[in-house]
file work.cif (mmCIF, C-alpha atoms and all ligand atoms)
data_my_file
#
loop_
_atom_site.label_atom_id
_atom_site.label_comp_id
_atom_site.auth_asym_id
_atom_site.auth_seq_id
_atom_site.Cartn_x
_atom_site.Cartn_y
_atom_site.Cartn_z
CA MET A 1 -39.17 -50.68 17.25
CA SER A 2 -36.50 -49.93 14.71
CA ASP A 3 -36.57 -49.56 10.97
CA SER A 4 -33.38 -49.48 8.94
CA THR A 5 -34.79 -47.06 6.34
CA SER A 6 -35.90 -44.40 8.80
CA ARG A 7 -34.40 -40.93 9.09
CA PRO A 8 -33.56 -39.65 12.54
CA ASP A 9 -36.66 -38.84 14.52
CA SER A 10 -35.55 -35.20 14.72
CA SER A 11 -37.01 -34.73 11.23
CA PHE A 12 -40.33 -36.14 12.49
CA ALA A 13 -40.27 -33.81 15.51
CA ALA A 14 -39.48 -30.82 13.29
CA ARG A 15 -42.28 -31.65 10.85
CA LEU A 16 -44.75 -32.20 13.71
CA ALA A 17 -43.79 -28.83 15.21
CA GLU A 18 -44.14 -27.17 11.79
CA THR A 19 -47.64 -28.59 11.33
CA ALA A 20 -48.62 -27.65 14.87
CA SER A 21 -47.57 -24.07 14.28
CA SER A 22 -49.36 -23.79 10.90
CA ILE A 23 -52.53 -25.35 12.33
CA GLU A 24 -52.50 -22.97 15.30
CA THR A 25 -52.34 -20.03 12.87
CA ALA A 26 -55.05 -21.46 10.59
CA LEU A 27 -57.44 -22.18 13.48
CA ALA A 28 -56.77 -18.79 15.08
CA ASN A 29 -57.71 -17.16 11.74
CA LEU A 30 -60.88 -19.21 11.42
CA LEU A 31 -61.84 -18.30 14.98
CA ASP A 32 -60.91 -14.61 14.97
CA ASP A 33 -63.61 -12.09 15.80
CA ARG A 34 -63.91 -10.72 12.27
CA GLN A 35 -67.49 -11.26 11.11
CA ARG A 36 -67.60 -12.93 7.66
CA ASP A 37 -69.85 -11.63 4.84
CA HIS A 38 -72.34 -14.50 5.13
CA GLU A 39 -72.61 -14.18 8.92
CA ILE A 40 -75.09 -12.15 11.01
CA ALA A 41 -72.92 -12.23 14.15
CA ARG A 42 -70.17 -14.19 15.94
CA PRO A 43 -71.44 -14.47 19.53
CA ALA A 44 -68.46 -13.47 21.68
CA ARG A 45 -68.92 -16.02 24.48
CA LEU A 46 -69.34 -18.91 22.06
CA LEU A 47 -66.36 -17.78 20.01
CA ALA A 48 -64.20 -17.50 23.15
CA ALA A 49 -65.23 -21.02 24.23
CA MET A 50 -64.48 -22.41 20.75
CA ARG A 51 -61.07 -20.75 20.84
CA HIS A 52 -60.44 -22.20 24.32
CA GLY A 53 -61.25 -25.68 23.00
CA ALA A 54 -59.24 -25.42 19.79
CA LEU A 55 -56.22 -23.17 20.37
CA GLY A 56 -53.06 -23.29 22.42
CA GLY A 57 -52.22 -26.93 22.73
CA GLY A 58 -52.43 -30.44 21.45
CA LYS A 59 -49.99 -32.46 19.44
CA ARG A 60 -51.94 -31.81 16.19
CA LEU A 61 -51.23 -35.40 15.17
CA ARG A 62 -54.25 -35.76 12.86
CA PRO A 63 -53.37 -32.70 10.73
CA PHE A 64 -49.78 -33.96 10.67
CA LEU A 65 -50.80 -37.40 9.39
CA LEU A 66 -53.02 -35.82 6.76
CA THR A 67 -50.36 -33.35 5.61
CA GLU A 68 -47.58 -35.95 5.50
CA THR A 69 -49.73 -38.43 3.56
CA ALA A 70 -50.70 -35.73 1.06
CA ARG A 71 -47.03 -34.75 0.76
CA LEU A 72 -46.25 -38.30 -0.49
CA PHE A 73 -48.22 -37.36 -3.60
CA GLY A 74 -46.70 -33.93 -4.08
CA VAL A 75 -49.51 -31.98 -2.37
CA SER A 76 -48.08 -29.01 -0.43
CA PRO A 77 -48.88 -28.41 3.26
CA ALA A 78 -50.62 -25.16 2.21
CA GLU A 79 -52.96 -27.05 -0.15
CA ALA A 80 -53.67 -29.61 2.58
CA MET A 81 -54.35 -26.97 5.24
CA PRO A 82 -58.19 -26.69 4.92
CA ALA A 83 -58.61 -30.48 5.27
CA ALA A 84 -56.00 -30.57 8.06
CA SER A 85 -57.86 -27.79 9.89
CA ALA A 86 -61.18 -29.56 9.43
CA ILE A 87 -60.00 -32.82 11.00
CA GLU A 88 -58.40 -30.99 13.93
CA LEU A 89 -61.65 -29.07 14.53
CA ILE A 90 -63.50 -32.39 14.73
CA HIS A 91 -60.91 -33.74 17.15
CA CYS A 92 -61.15 -30.62 19.34
CA TYR A 93 -64.95 -30.81 19.39
CA SER A 94 -64.75 -34.45 20.49
CA LEU A 95 -62.44 -33.55 23.38
CA VAL A 96 -64.71 -30.69 24.53
CA HIS A 97 -67.71 -33.04 24.59
CA ASP A 98 -65.72 -35.96 26.01
CA ASP A 99 -64.74 -33.81 29.03
CA LEU A 100 -68.37 -32.84 29.87
CA PRO A 101 -69.82 -33.87 33.24
CA SER A 102 -72.18 -36.30 31.49
CA MET A 103 -69.26 -37.97 29.70
CA ASP A 104 -65.81 -38.21 31.36
CA ASN A 105 -66.29 -35.25 33.71
CA ASP A 106 -62.74 -33.94 33.42
CA ASP A 107 -61.46 -30.64 34.85
CA LEU A 108 -58.20 -30.49 32.94
CA ARG A 109 -57.32 -30.83 29.27
CA ARG A 110 -54.00 -29.93 27.63
CA GLY A 111 -52.94 -28.52 30.99
CA GLN A 112 -55.82 -26.01 31.05
CA PRO A 113 -59.30 -26.02 32.60
CA THR A 114 -61.72 -27.88 30.34
CA VAL A 115 -64.20 -25.74 28.40
CA HIS A 116 -67.15 -26.42 30.72
CA LYS A 117 -64.94 -25.45 33.69
CA ALA A 118 -63.65 -22.26 32.07
CA PHE A 119 -67.17 -21.34 30.84
CA ASP A 120 -70.23 -23.46 31.67
CA GLU A 121 -71.78 -26.69 30.48
CA ALA A 122 -74.27 -25.26 27.99
CA THR A 123 -71.56 -23.09 26.43
CA ALA A 124 -69.24 -26.11 26.18
CA ILE A 125 -71.91 -28.15 24.38
CA LEU A 126 -72.45 -25.29 21.93
CA ALA A 127 -68.69 -24.76 21.50
CA GLY A 128 -68.32 -28.44 20.55
CA ASP A 129 -71.24 -28.15 18.14
CA GLY A 130 -69.71 -24.99 16.67
CA LEU A 131 -66.32 -26.66 16.12
CA LEU A 132 -67.98 -29.71 14.53
CA THR A 133 -70.00 -27.69 12.06
CA LEU A 134 -67.14 -25.31 11.31
CA ALA A 135 -65.08 -28.35 10.25
CA PHE A 136 -67.53 -29.18 7.47
CA GLU A 137 -67.88 -25.52 6.50
CA VAL A 138 -64.10 -25.31 6.04
CA LEU A 139 -63.93 -28.56 4.08
CA ALA A 140 -66.88 -27.78 1.81
CA GLY A 141 -65.55 -24.28 1.15
CA SER A 142 -61.99 -25.33 0.30
CA ALA A 143 -60.41 -24.76 -3.11
CA ALA A 144 -60.06 -28.47 -3.95
CA LYS A 145 -61.90 -29.86 -6.99
CA ALA A 146 -65.59 -30.60 -6.30
CA ALA A 147 -65.20 -34.41 -6.55
CA ILE A 148 -62.27 -34.36 -4.12
CA ARG A 149 -64.15 -32.08 -1.72
CA ALA A 150 -67.14 -34.42 -1.76
CA ASP A 151 -64.89 -37.40 -1.09
CA LEU A 152 -63.20 -35.59 1.80
CA VAL A 153 -66.55 -34.63 3.35
CA LEU A 154 -67.79 -38.22 3.04
CA CYS A 155 -64.64 -39.65 4.59
CA LEU A 156 -64.63 -37.20 7.52
CA ALA A 157 -68.37 -37.59 8.18
CA ARG A 158 -68.14 -41.39 8.19
CA ALA A 159 -65.16 -41.40 10.53
CA SER A 160 -66.78 -38.92 12.93
CA GLY A 161 -70.34 -40.18 13.17
CA LEU A 162 -72.59 -43.13 13.95
CA ALA A 163 -70.27 -45.93 12.85
CA GLY A 164 -67.11 -44.00 13.74
CA MET A 165 -66.10 -41.81 16.67
CA VAL A 166 -69.58 -40.99 18.01
CA GLY A 167 -70.66 -44.64 17.75
CA GLY A 168 -67.46 -45.72 19.49
CA GLN A 169 -68.10 -43.26 22.30
CA MET A 170 -71.57 -44.74 22.76
CA LEU A 171 -70.15 -48.28 22.94
CA ASP A 172 -67.58 -46.99 25.41
CA LEU A 173 -70.22 -45.53 27.73
CA ASP A 174 -72.21 -48.75 27.48
CA ALA A 175 -69.12 -50.83 28.27
CA GLU A 176 -68.61 -48.80 31.47
CA GLY A 177 -71.88 -50.33 32.63
CA ARG A 178 -73.93 -47.13 32.52
CA TYR A 179 -76.97 -48.69 30.87
CA ALA A 180 -76.85 -52.23 32.21
CA GLU A 181 -74.88 -53.45 35.21
CA LYS A 182 -71.53 -54.99 34.23
CA ALA A 183 -72.72 -58.02 36.17
CA VAL A 184 -75.66 -58.28 33.74
CA ARG A 185 -73.93 -57.40 30.47
CA GLY A 186 -70.75 -59.30 31.43
CA PRO A 187 -67.17 -58.07 31.18
CA THR A 188 -66.10 -56.40 27.95
CA SER A 189 -64.16 -58.91 25.88
CA PRO A 190 -60.83 -57.98 24.25
CA GLY A 191 -62.57 -58.13 20.86
CA GLU A 192 -65.27 -55.70 21.99
CA VAL A 193 -62.61 -53.33 23.37
CA ARG A 194 -60.70 -53.41 20.08
CA ARG A 195 -63.88 -52.74 18.10
CA LEU A 196 -65.00 -49.78 20.21
CA GLN A 197 -61.49 -48.32 20.16
CA ALA A 198 -61.26 -48.73 16.37
CA MET A 199 -64.40 -46.60 16.18
CA LYS A 200 -63.82 -44.10 18.99
CA THR A 201 -60.18 -43.22 18.32
CA GLY A 202 -58.97 -45.25 15.35
CA ALA A 203 -61.52 -44.05 12.81
CA LEU A 204 -60.48 -40.38 12.96
CA LEU A 205 -56.74 -41.14 12.90
CA ALA A 206 -57.27 -43.49 9.95
CA ALA A 207 -59.38 -40.80 8.25
CA ALA A 208 -56.49 -38.34 8.56
CA VAL A 209 -54.34 -40.67 6.46
CA GLU A 210 -57.17 -41.44 4.07
CA MET A 211 -57.94 -37.76 3.53
CA GLY A 212 -54.29 -37.16 2.66
CA ALA A 213 -54.56 -39.99 0.12
CA ILE A 214 -57.76 -38.49 -1.33
CA LEU A 215 -56.12 -35.07 -1.70
CA GLY A 216 -53.16 -36.72 -3.40
CA GLY A 217 -55.27 -38.70 -5.86
CA ALA A 218 -53.82 -42.01 -4.61
CA SER A 219 -54.50 -45.18 -6.63
CA LEU A 220 -56.78 -47.82 -5.13
CA GLY A 221 -53.78 -49.96 -4.14
CA GLN A 222 -51.98 -47.02 -2.53
CA ARG A 223 -55.15 -46.03 -0.72
CA MET A 224 -55.61 -49.56 0.64
CA SER A 225 -52.03 -49.69 1.95
CA LEU A 226 -52.45 -46.28 3.56
CA SER A 227 -55.77 -47.29 5.06
CA THR A 228 -54.13 -50.38 6.63
CA PHE A 229 -51.39 -48.08 7.96
CA GLY A 230 -53.93 -45.62 9.40
CA GLN A 231 -55.99 -48.30 11.10
CA ALA A 232 -52.97 -49.96 12.70
CA LEU A 233 -51.60 -46.58 13.80
CA GLY A 234 -55.00 -45.58 15.24
CA ALA A 235 -55.26 -48.80 17.23
CA CYS A 236 -51.65 -48.44 18.40
CA PHE A 237 -52.30 -44.86 19.55
CA GLN A 238 -55.31 -45.89 21.63
CA VAL A 239 -53.60 -48.87 23.29
CA ALA A 240 -50.69 -46.55 24.09
CA ASP A 241 -53.25 -44.22 25.73
CA ASP A 242 -54.58 -47.10 27.85
CA VAL A 243 -51.03 -47.92 28.93
CA LEU A 244 -50.22 -44.24 29.64
CA ASP A 245 -53.29 -43.94 31.84
CA VAL A 246 -51.62 -46.50 34.10
CA GLU A 247 -48.01 -45.38 33.71
CA ALA A 248 -47.88 -41.61 33.09
CA SER A 249 -48.19 -38.70 35.49
CA PRO A 250 -50.92 -36.03 35.18
CA ASP A 251 -48.22 -33.34 34.80
CA ILE A 252 -46.88 -34.93 31.63
CA MET A 253 -50.30 -35.82 30.22
CA GLY A 254 -51.87 -32.42 30.96
CA LYS A 255 -54.97 -34.25 32.24
CA ALA A 256 -55.95 -36.61 35.03
CA THR A 257 -54.52 -40.13 34.77
CA ALA A 258 -55.22 -43.47 36.48
CA LYS A 259 -58.91 -42.80 35.87
CA ASP A 260 -59.74 -45.73 33.62
CA ALA A 261 -59.85 -48.50 36.22
CA ASP A 262 -61.82 -46.34 38.70
CA ALA A 263 -64.32 -45.39 36.01
CA ASN A 264 -64.75 -49.03 35.00
CA LYS A 265 -63.47 -48.10 31.51
CA ALA A 266 -63.21 -50.76 28.83
CA THR A 267 -59.49 -50.61 28.09
CA LEU A 268 -57.17 -53.16 26.59
CA VAL A 269 -55.14 -53.05 29.81
CA ALA A 270 -58.27 -54.14 31.72
CA ALA A 271 -59.11 -56.77 29.11
CA ILE A 272 -55.72 -58.45 28.59
CA GLY A 273 -53.36 -56.98 31.22
CA LEU A 274 -50.57 -54.40 31.10
CA GLU A 275 -47.81 -56.57 29.64
CA ALA A 276 -49.99 -57.96 26.85
CA ALA A 277 -51.30 -54.46 26.08
CA ARG A 278 -47.74 -53.14 25.76
CA ALA A 279 -46.90 -56.03 23.41
CA GLU A 280 -50.01 -55.36 21.31
CA ARG A 281 -49.14 -51.65 21.09
CA ASP A 282 -45.66 -52.47 19.76
CA ARG A 283 -46.98 -55.10 17.34
CA LEU A 284 -49.48 -52.58 15.95
CA ALA A 285 -46.70 -50.04 15.34
CA THR A 286 -44.75 -52.70 13.45
CA ASP A 287 -47.87 -53.59 11.42
CA ALA A 288 -48.37 -49.92 10.58
CA ILE A 289 -44.78 -49.58 9.36
CA SER A 290 -45.07 -52.80 7.32
CA ALA A 291 -48.13 -51.42 5.53
CA LEU A 292 -45.94 -48.66 4.08
CA ARG A 293 -43.70 -51.18 2.31
CA ARG A 294 -44.67 -49.99 -1.17
CA PHE A 295 -43.65 -46.42 -0.38
CA GLY A 296 -40.03 -45.28 -0.44
CA PRO A 297 -38.02 -43.12 1.94
CA GLU A 298 -40.54 -40.28 1.35
CA ALA A 299 -42.78 -42.19 3.79
CA ASP A 300 -40.15 -42.15 6.56
CA THR A 301 -41.98 -39.40 8.43
CA LEU A 302 -45.11 -41.56 8.51
CA ARG A 303 -43.00 -44.49 9.73
CA ALA A 304 -41.68 -42.26 12.50
CA ALA A 305 -45.28 -41.30 13.34
CA ALA A 306 -46.09 -44.97 13.97
CA ARG A 307 -43.12 -45.26 16.31
CA PHE A 308 -44.19 -42.04 18.02
CA ALA A 309 -47.73 -43.40 18.53
CA ALA A 310 -46.29 -46.36 20.43
CA GLU A 311 -43.51 -44.59 22.32
CA ARG A 312 -45.14 -41.24 23.13
CA ALA A 313 -45.00 -39.92 26.68
CA ASN A 314 -48.26 -37.92 26.47
C1 LIG B 1 -67.65 -37.05 22.72
C2 LIG B 1 -68.37 -37.52 20.33
C3 LIG B 1 -67.42 -37.68 21.42
C4 LIG B 1 -66.35 -38.42 21.17
C5 LIG B 1 -65.25 -38.56 22.11
C6 LIG B 1 -61.97 -38.78 21.09
C7 LIG B 1 -62.96 -39.26 22.05
C8 LIG B 1 -64.31 -39.57 21.57
C9 LIG B 1 -62.68 -39.38 23.33
C10 LIG B 1 -61.38 -39.06 23.86
C11 LIG B 1 -61.09 -40.05 24.90
C12 LIG B 1 -59.68 -40.31 24.88
C13 LIG B 1 -58.85 -39.51 25.82
C14 LIG B 1 -59.22 -41.24 24.06
C15 LIG B 1 -57.81 -41.59 24.00
C16 LIG B 1 -57.17 -41.27 22.72
C17 LIG B 1 -57.29 -39.84 22.45
C18 LIG B 1 -58.26 -39.44 21.42
C19 LIG B 1 -56.52 -38.98 23.09
C20 LIG B 1 -56.51 -37.54 22.83
O1 LIG B 1 -55.94 -37.29 21.57
P1 LIG B 1 -54.50 -36.61 21.46
O2 LIG B 1 -53.52 -37.31 22.36
O3 LIG B 1 -54.83 -35.20 22.08
O4 LIG B 1 -54.14 -36.51 20.01
P2 LIG B 1 -54.13 -33.80 21.83
O5 LIG B 1 -54.44 -33.01 23.08
O6 LIG B 1 -52.66 -34.01 21.62
O7 LIG B 1 -54.80 -33.21 20.64
#
call {"tool": "encode", "arguments": {"input": "work.cif", "output": "structure tokens", "more": "lines below"}}
Ligand code: GRG
result
Amino acid sequence: MSDSTSRPDSSFAARLAETASSIETALANLLDDRQRDHEIARPARLLAAMRHGALGGGKRLRPFLLTETARLFGVSPAEAMPAASAIELIHCYSLVHDDLPSMDNDDLRRGQPTVHKAFDEATAILAGDGLLTLAFEVLAGSAAKAAIRADLVLCLARASGLAGMVGGQMLDLDAEGRYAEKAVRGPTSPGEVRRLQAMKTGALLAAAVEMGAILGGASLGQRMSLSTFGQALGACFQVADDVLDVEASPDIMGKATAKDADANKATLVAAIGLEAARAERDRLATDAISALRRFGPEADTLRAAARFAAERAN
């Protein structure tokens, strides 16, 4: 994975850290205990659970992708912040719900007890719901022009819902054999795994890039190239996750690993084997970088993000 036009990855790491710090501040402000004018009350337990699910951890990769894509078009990180916060809130909600006993039943997330462990299951469900709805409140209330706001809301809703992340999660549960024995429904084919992963994980990562393009007023051609980039990066990120589940330690991941095979998960490693999955991950990173051909060195940070998606350790 090398690209002759790329800057050293230290600039990527610095930009990622910068975004992570700004997002932490923005989310902490949104979730502080100050009651807003339009609100009757901020229930303390719910607010604490939402803060637990959203603050103090995470790579903040989706806000980073959004901010860096918007930056290509001269949009400042400050202008991109409401949309970047919204997509991270959606991501955090999905993790809170994904960890629930009825879903993945995880005790640890980002090195901390999961929300249902730190609080209780009903509170965790409501905290996820609260983060999801806050995302759209933030996006709809942002200062962007009305047409851009509407486009952003549409993009985020599509990526998050029925034919995006939520739909992908449903296909994932089905592929585990929860609703029909694997023996009856048959093994999940590589094509089915790729489709469910494109929905479950890829759609939101691709939406981060697309929302940056919307904020920047990208042309149709630019938007198509960026969409190809986002989809390849999203797929690469998920295959890397499948590989890490086999290869990484829980300490580094901040969550349990080696769970996929035991849980009968439909992963690309299970479908095509570890070596082929590694090769697909690297090919997807190369495809993502190739999709940025029309952009100059200003897109180097996005190129580095594609390499990071493939090479990440957690
Ligand atoms: C429950 C509606 C609902 C959806 C869940 C996102 C998701 C769908 C499930 C997560 C399952 C999972 C671990 C997928 C692997 C890829 C992934 C999304 C990893 C977590 O994202 P990171 O690595 O997390 O960006 P951090 O903690 O860095 O924010």
call {"tool": "axis_aligned_box", "arguments": {"input": "work.cif", "around": "ligand LIG 1 (chain B)", "padding_each_side": "4 Å", "output": "AutoDock Vina command-line options"}}
result
--center_x -60.5 --center_y -37.3 --center_z 22.9 --size_x 23.7 --size_y 16.6 --size_z 13.8
call {"tool": "closest_residue", "arguments": {"input": "work.cif", "among": "A:Glu18, A:Asp120, A:Asp245, A:Asp33", "to": "ligand LIG 1 (chain B)", "atoms": "all atoms listed in the file"}}
result
A:Asp245
call {"tool": "residues_near_point", "arguments": {"input": "work.cif", "point": "(-53.4, -30.5, 8.5)", "cutoff": "9 Å", "atoms": "all atoms listed in the file", "output": "mmCIF file with C-alpha atoms, in the frame of the given file"}}
result
data_model
loop_
_atom_site.group_PDB
_atom_site.id
_atom_site.type_symbol
_atom_site.label_atom_id
_atom_site.label_comp_id
_atom_site.auth_asym_id
_atom_site.auth_seq_id
_atom_site.Cartn_x
_atom_site.Cartn_y
_atom_site.Cartn_z
ATOM 1 C CA THR A 19 -47.640 -28.590 11.330
ATOM 2 C CA ALA A 20 -48.620 -27.650 14.870
ATOM 3 C CA SER A 22 -49.360 -23.790 10.900
ATOM 4 C CA ILE A 23 -52.530 -25.350 12.330
ATOM 5 C CA ARG A 60 -51.940 -31.810 16.190
ATOM 6 C CA LEU A 61 -51.230 -35.400 15.170
ATOM 7 C CA ARG A 62 -54.250 -35.760 12.860
ATOM 8 C CA PRO A 63 -53.370 -32.700 10.730
ATOM 9 C CA PHE A 64 -49.780 -33.960 10.670
ATOM 10 C CA LEU A 65 -50.800 -37.400 9.390
ATOM 11 C CA LEU A 66 -53.020 -35.820 6.760
ATOM 12 C CA THR A 67 -50.360 -33.350 5.610
ATOM 13 C CA GLU A 68 -47.580 -35.950 5.500
ATOM 14 C CA PRO A 77 -48.880 -28.410 3.260
ATOM 15 C CA ALA A 78 -50.620 -25.160 2.210
ATOM 16 C CA ALA A 80 -53.670 -29.610 2.580
ATOM 17 C CA MET A 81 -54.350 -26.970 5.240
ATOM 18 C CA PRO A 82 -58.190 -26.690 4.920
ATOM 19 C CA ALA A 83 -58.610 -30.480 5.270
ATOM 20 C CA ALA A 84 -56.000 -30.570 8.060
ATOM 21 C CA SER A 85 -57.860 -27.790 9.890
ATOM 22 C CA ALA A 86 -61.180 -29.560 9.430
ATOM 23 C CA ILE A 87 -60.000 -32.820 11.000
ATOM 24 C CA GLU A 88 -58.400 -30.990 13.930
ATOM 25 C CA ALA A 208 -56.490 -38.340 8.560
ATOM 26 C CA GLY A 212 -54.290 -37.160 2.660
#
call {"tool": "closest_residue", "arguments": {"input": "work.cif", "among": "A:Ala256, A:Val193, A:Ala48, A:Val75", "to": "A:Ala175", "atoms": "all atoms listed in the file"}}
result
A:Val193
call {"tool": "closest_residue", "arguments": {"input": "work.cif", "among": "A:Ala313, A:Ala279, A:Ala270, A:Leu205", "to": "A:Leu244", "atoms": "only C-alpha atoms"}}
result
A:Ala313
call {"tool": "residues_around", "arguments": {"input": "work.cif", "residues": "A:Leu284", "least_positions_apart": "2", "cutoff": "7 Å", "atoms": "only C-alpha atoms", "output": "PDB file with C-alpha atoms, in the coordinates of the input"}}
result
ATOM      1  CA  ALA A 232     -52.970 -49.960  12.700  1.00  0.00           C
ATOM      2  CA  LEU A 233     -51.600 -46.580  13.800  1.00  0.00           C
ATOM      3  CA  CYS A 236     -51.650 -48.440  18.400  1.00  0.00           C
ATOM      4  CA  GLU A 280     -50.010 -55.360  21.310  1.00  0.00           C
ATOM      5  CA  ARG A 281     -49.140 -51.650  21.090  1.00  0.00           C
ATOM      6  CA  ASP A 282     -45.660 -52.470  19.760  1.00  0.00           C
ATOM      7  CA  THR A 286     -44.750 -52.700  13.450  1.00  0.00           C
ATOM      8  CA  ASP A 287     -47.870 -53.590  11.420  1.00  0.00           C
ATOM      9  CA  ALA A 288     -48.370 -49.920  10.580  1.00  0.00           C
TER      10      ALA A 288
END
call {"tool": "atom_distance", "arguments": {"input": "work.cif", "atom1": "atom P1 of ligand LIG 1 (chain B)", "atom2": "atom CA of A:Gly273"}}
result
22.6 Å
call {"tool": "residues_near_ligand", "arguments": {"input": "work.cif", "ligand": "ligand LIG 1 (chain B)", "cutoff": "8 Å", "atoms": "all atoms listed in the file", "output": "short mmCIF file (atom, residue, chain, number, x, y, z; two decimals) with C-alpha atoms, in the coordinates of the input"}}
result
data_model
loop_
_atom_site.label_atom_id
_atom_site.label_comp_id
_atom_site.auth_asym_id
_atom_site.auth_seq_id
_atom_site.Cartn_x
_atom_site.Cartn_y
_atom_site.Cartn_z
CA GLY A 57 -52.22 -26.93 22.73
CA GLY A 58 -52.43 -30.44 21.45
CA LYS A 59 -49.99 -32.46 19.44
CA ARG A 60 -51.94 -31.81 16.19
CA LEU A 61 -51.23 -35.40 15.17
CA ARG A 62 -54.25 -35.76 12.86
CA GLU A 88 -58.40 -30.99 13.93
CA HIS A 91 -60.91 -33.74 17.15
CA CYS A 92 -61.15 -30.62 19.34
CA TYR A 93 -64.95 -30.81 19.39
CA SER A 94 -64.75 -34.45 20.49
CA LEU A 95 -62.44 -33.55 23.38
CA VAL A 96 -64.71 -30.69 24.53
CA HIS A 97 -67.71 -33.04 24.59
CA ASP A 98 -65.72 -35.96 26.01
CA ASP A 99 -64.74 -33.81 29.03
CA MET A 103 -69.26 -37.97 29.70
CA ARG A 109 -57.32 -30.83 29.27
CA ARG A 110 -54.00 -29.93 27.63
CA SER A 160 -66.78 -38.92 12.93
CA GLY A 161 -70.34 -40.18 13.17
CA MET A 165 -66.10 -41.81 16.67
CA VAL A 166 -69.58 -40.99 18.01
CA GLY A 167 -70.66 -44.64 17.75
CA GLY A 168 -67.46 -45.72 19.49
CA GLN A 169 -68.10 -43.26 22.30
CA LYS A 200 -63.82 -44.10 18.99
CA THR A 201 -60.18 -43.22 18.32
CA PHE A 237 -52.30 -44.86 19.55
CA GLN A 238 -55.31 -45.89 21.63
CA ASP A 241 -53.25 -44.22 25.73
CA ASP A 242 -54.58 -47.10 27.85
CA ASN A 314 -48.26 -37.92 26.47
#
call {"tool": "residues_around", "arguments": {"input": "work.cif", "residues": "stretch 141-151 of chain A", "least_positions_apart": "5", "cutoff": "9 Å", "atoms": "only C-alpha atoms", "output": "short mmCIF file (atom, residue, chain, number, x, y, z; two decimals) with C-alpha atoms, keeping the file's coordinate frame"}}
result
data_model
loop_
_atom_site.label_atom_id
_atom_site.label_comp_id
_atom_site.auth_asym_id
_atom_site.auth_seq_id
_atom_site.Cartn_x
_atom_site.Cartn_y
_atom_site.Cartn_z
CA GLU A 79 -52.96 -27.05 -0.15
CA PRO A 82 -58.19 -26.69 4.92
CA ALA A 83 -58.61 -30.48 5.27
CA PHE A 136 -67.53 -29.18 7.47
CA LEU A 156 -64.63 -37.20 7.52
CA MET A 211 -57.94 -37.76 3.53
CA ILE A 214 -57.76 -38.49 -1.33
CA LEU A 215 -56.12 -35.07 -1.70
CA GLY A 217 -55.27 -38.70 -5.86
#
call {"tool": "atom_distance", "arguments": {"input": "work.cif", "atom1": "atom CA of A:Gly216", "atom2": "atom CA of A:Arg71"}}
result
7.7 Å
call {"tool": "atom_distance", "arguments": {"input": "work.cif", "atom1": "atom CA of A:Arg45", "atom2": "atom CA of A:Gly111"}}
result
21.3 Å
call {"tool": "residues_around", "arguments": {"input": "work.cif", "residues": "A:Glu311", "least_positions_apart": "4", "cutoff": "9 Å", "atoms": "only C-alpha atoms", "output": "list in words"}}
result
Ala240, Asp282, Ala306 and Arg307 of chain A
call {"tool": "residues_around", "arguments": {"input": "work.cif", "residues": "A:Asp260", "least_positions_apart": "2", "cutoff": "9 Å", "atoms": "only C-alpha atoms", "output": "list of chain:residue names"}}
result
A:Asp242, A:Asp245, A:Val246, A:Thr257, A:Ala258, A:Asp262, A:Ala263, A:Asn264, A:Lys265, A:Ala266, A:Thr267, A:Ala270
call {"tool": "closest_residue", "arguments": {"input": "work.cif", "among": "A:Ala54, A:Leu16, A:Leu162, A:Cys155", "to": "A:Gln112", "atoms": "all atoms listed in the file"}}
result
A:Ala54
call {"tool": "closest_residue", "arguments": {"input": "work.cif", "among": "A:Ala198, A:Ala248, A:Leu126, A:Ala310", "to": "A:Leu47", "atoms": "only C-alpha atoms"}}
result
A:Leu126
call {"tool": "decode", "arguments": {"input": "work.cif", "residues": "stretch 90-95 of chain A", "atoms": "N, CA, C and O atoms", "output": "PDB file, in the first residue's frame"}}
result
ATOM      1  N   ILE A  90     -24.913   9.236  15.276  1.00  0.00           N
ATOM      2  CA  ILE A  90     -25.539   8.038  14.698  1.00  0.00           C
ATOM      3  C   ILE A  90     -24.651   6.815  14.936  1.00  0.00           C
ATOM      4  O   ILE A  90     -25.119   5.741  15.339  1.00  0.00           O
ATOM      5  N   HIS A  91     -23.367   6.984  14.695  1.00  0.00           N
ATOM      6  CA  HIS A  91     -22.432   5.868  14.902  1.00  0.00           C
ATOM      7  C   HIS A  91     -22.473   5.407  16.364  1.00  0.00           C
ATOM      8  O   HIS A  91     -22.556   4.200  16.648  1.00  0.00           O
ATOM      9  N   CYS A  92     -22.440   6.354  17.299  1.00  0.00           N
ATOM     10  CA  CYS A  92     -22.441   5.991  18.719  1.00  0.00           C
ATOM     11  C   CYS A  92     -23.739   5.270  19.090  1.00  0.00           C
ATOM     12  O   CYS A  92     -23.721   4.276  19.828  1.00  0.00           O
ATOM     13  N   TYR A  93     -24.857   5.769  18.583  1.00  0.00           N
ATOM     14  CA  TYR A  93     -26.134   5.078  18.851  1.00  0.00           C
ATOM     15  C   TYR A  93     -26.064   3.637  18.354  1.00  0.00           C
ATOM     16  O   TYR A  93     -26.489   2.692  19.039  1.00  0.00           O
ATOM     17  N   SER A  94     -25.491   3.434  17.159  1.00  0.00           N
ATOM     18  CA  SER A  94     -25.471   2.080  16.593  1.00  0.00           C
ATOM     19  C   SER A  94     -24.620   1.147  17.458  1.00  0.00           C
ATOM     20  O   SER A  94     -24.949  -0.025  17.624  1.00  0.00           O
ATOM     21  N   LEU A  95     -23.549   1.695  18.035  1.00  0.00           N
ATOM     22  CA  LEU A  95     -22.702   0.853  18.892  1.00  0.00           C
ATOM     23  C   LEU A  95     -23.424   0.501  20.194  1.00  0.00           C
ATOM     24  O   LEU A  95     -23.351  -0.640  20.670  1.00  0.00           O
TER      25      LEU A  95
END
